[in-house]
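**Q** Structure below; questions to follow.
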Amino acid sequence: RKEVEQDPGPFNVPEGATVAFNCTYSNSASQSFFWYRQDCRKEPKLLMSVYSSGNEDGRFTAQLNRASQYISLLIRDSKLSDSATYLCVSSPDTGRRALTFGSGTRLQVQP
Amino acid sequence: EAGVTQSPTHLIKTRGQQATLRCSPISGHTSVYWYQQALGLGLQFLLWYDEGEERNRGNFPPRFSGRQFPNYSSELNVNALELEDSALYLCASNKNFWVGGTEAFFGQGTRLTVV
């Protein structure tokens with residue numbers, strides 16, 4: 001079982017729709033989580049950090065459920081520019097383990 | 001403040017040759033990660049260096065190796081190149097967990113093509 005698992009998608013949604021992605025993690029001791037966005041053939045860029053129960057940034061909301069070991073990303077009022085691959089990342093429980101990336105969920109927002 | 005920089009941007013090698021990729025982390029970051037991303041696929045973890053030491057490596061053969069220098073910059077070396085090594089190689093850096101940082105920031109990558 002992969003340490004961080006995501007549905008690869010693609011999620012095809014119309015502009016203005018609300019879309020949610022889930023990501024499950026297997027290491028119960030993981031402390032911090034992040035969502036990154038990666039555009040085609042570009043490097044991943046940090047979208048949101050998820051440190052405790054979740055946080056919100058404009059149209060984006062991230063939630064953490066430690067009991068079920070998953071995090072989610074909700075995008076409201078989708079824009080064409082939101083089309084990208086969204087990567088879920090877990091942070092080490094100590095300083096001596098690397099960040100772990102999921103394989104990503106592809107979102108395609110259509111006009 | 002400068003971000004993570006990688007060089008070269010593009011690299012073309014022939015099968016059997018060696019490739020050296022370089023990464024300079026953000027100032028103050030001591031950890032450097034290397035990832036391979038083949039076309040259309042997800043990030044595959046290669047190596048993690050922290051404060052000059054190799055801390056972890058992914059499921060790659062020994063011909064993938066690297067090092068981290070005292071200034072925290074890093075090199076990734078790929079020996080005996082194979083066609084399937086063609087990919088985008090991404091470097092990321094972050095602060096050591098113990099000094100309160102965990103978010104990683106990526107360089108723009110080195111696109112390696114093996115012919």
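As shown in the structure tokens, the chain order sets the letters A, B, ...; within each chain, residues go from 1, and ligands are also counted from 1 in the order they appear.
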Please identify every residue of chain A that has at least one atom no more than 12 Å from any atom of chain B, counting only C-alpha atoms, and report them as an MDAnalysis selection string.
**A** chainID A and resid 2 4:8 30:51 85:106
**Q** Got a sec to tell me which of chain B DSSP assigns to strand (DSSP E or B), as a ChimeraX atom specification?
**A** /B:5-7,10-13,19-24,31-37,44-50,53-57,64-68,74-78,87-94,105-106,110-114
**Q** If you run DSSP over the backbone, which residues in stretch 32-98 of chain B end up helix (DSSP H, G or I)? Put them as a list in words.
**A** Leu83, Glu84, Asp85, Phe97 and Trp98 of chain B
**Q** Once you have the residues from the selection above, write them out as an mmCIF file, in the first residue's frame, restricted to all heavy atoms.
**A**
```
data_model
loop_
_atom_site.group_PDB
_atom_site.id
_atom_site.type_symbol
_atom_site.label_atom_id
_atom_site.label_comp_id
_atom_site.auth_asym_id
_atom_site.auth_seq_id
_atom_site.Cartn_x
_atom_site.Cartn_y
_atom_site.Cartn_z
ATOM 1 N N LEU B 83 17.556 4.646 -21.606
ATOM 2 C CA LEU B 83 16.521 5.449 -22.274
ATOM 3 C C LEU B 83 15.402 5.820 -21.304
ATOM 4 O O LEU B 83 14.870 6.935 -21.352
ATOM 5 C CB LEU B 83 15.941 4.691 -23.469
ATOM 6 C CG LEU B 83 16.907 4.400 -24.609
ATOM 7 C CD1 LEU B 83 16.208 3.592 -25.708
ATOM 8 C CD2 LEU B 83 17.464 5.692 -25.204
ATOM 9 N N GLU B 84 15.066 4.896 -20.402
ATOM 10 C CA GLU B 84 13.949 5.143 -19.484
ATOM 11 C C GLU B 84 14.297 6.141 -18.374
ATOM 12 O O GLU B 84 13.450 6.478 -17.550
ATOM 13 C CB GLU B 84 13.429 3.847 -18.864
ATOM 14 C CG GLU B 84 14.493 2.981 -18.254
ATOM 15 C CD GLU B 84 14.998 1.921 -19.214
ATOM 16 O OE1 GLU B 84 15.054 2.191 -20.439
ATOM 17 O OE2 GLU B 84 15.351 0.831 -18.735
ATOM 18 N N ASP B 85 15.543 6.613 -18.343
ATOM 19 C CA ASP B 85 15.913 7.666 -17.393
ATOM 20 C C ASP B 85 15.463 9.038 -17.877
ATOM 21 O O ASP B 85 15.561 10.018 -17.133
ATOM 22 C CB ASP B 85 17.432 7.688 -17.165
ATOM 23 C CG ASP B 85 17.960 6.418 -16.525
ATOM 24 O OD1 ASP B 85 17.186 5.741 -15.808
ATOM 25 O OD2 ASP B 85 19.136 6.079 -16.758
ATOM 26 N N PHE B 97 13.124 19.972 9.953
ATOM 27 C CA PHE B 97 11.944 19.872 10.809
ATOM 28 C C PHE B 97 12.197 20.480 12.171
ATOM 29 O O PHE B 97 11.324 21.133 12.751
ATOM 30 C CB PHE B 97 11.575 18.401 10.937
ATOM 31 C CG PHE B 97 10.453 18.126 11.899
ATOM 32 C CD1 PHE B 97 9.144 18.187 11.465
ATOM 33 C CD2 PHE B 97 10.698 17.815 13.226
ATOM 34 C CE1 PHE B 97 8.100 17.931 12.329
ATOM 35 C CE2 PHE B 97 9.649 17.563 14.101
ATOM 36 C CZ PHE B 97 8.350 17.617 13.648
ATOM 37 N N TRP B 98 13.386 20.285 12.692
ATOM 38 C CA TRP B 98 13.683 20.694 14.059
ATOM 39 C C TRP B 98 13.761 22.203 14.239
ATOM 40 O O TRP B 98 13.727 22.686 15.356
ATOM 41 C CB TRP B 98 14.983 20.040 14.553
ATOM 42 C CG TRP B 98 14.935 18.548 14.445
ATOM 43 C CD1 TRP B 98 15.667 17.772 13.620
ATOM 44 C CD2 TRP B 98 14.068 17.668 15.170
ATOM 45 N NE1 TRP B 98 15.309 16.454 13.779
ATOM 46 C CE2 TRP B 98 14.348 16.351 14.717
ATOM 47 C CE3 TRP B 98 13.088 17.851 16.149
ATOM 48 C CZ2 TRP B 98 13.680 15.244 15.216
ATOM 49 C CZ3 TRP B 98 12.427 16.732 16.644
ATOM 50 C CH2 TRP B 98 12.729 15.464 16.176
#
```
**Q** In Å, how far is it from atom CA of A:Ser26 to atom CA of A:Arg59?
**A** 27.9 Å
**Q** To one decimal in Å, tell me the separation between atom CA of A:Leu64 and atom CA of A:Thr18.
**A**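 Separation of atom CA of A:Leu64 and atom CA of A:Thr18: 18.4 Å.
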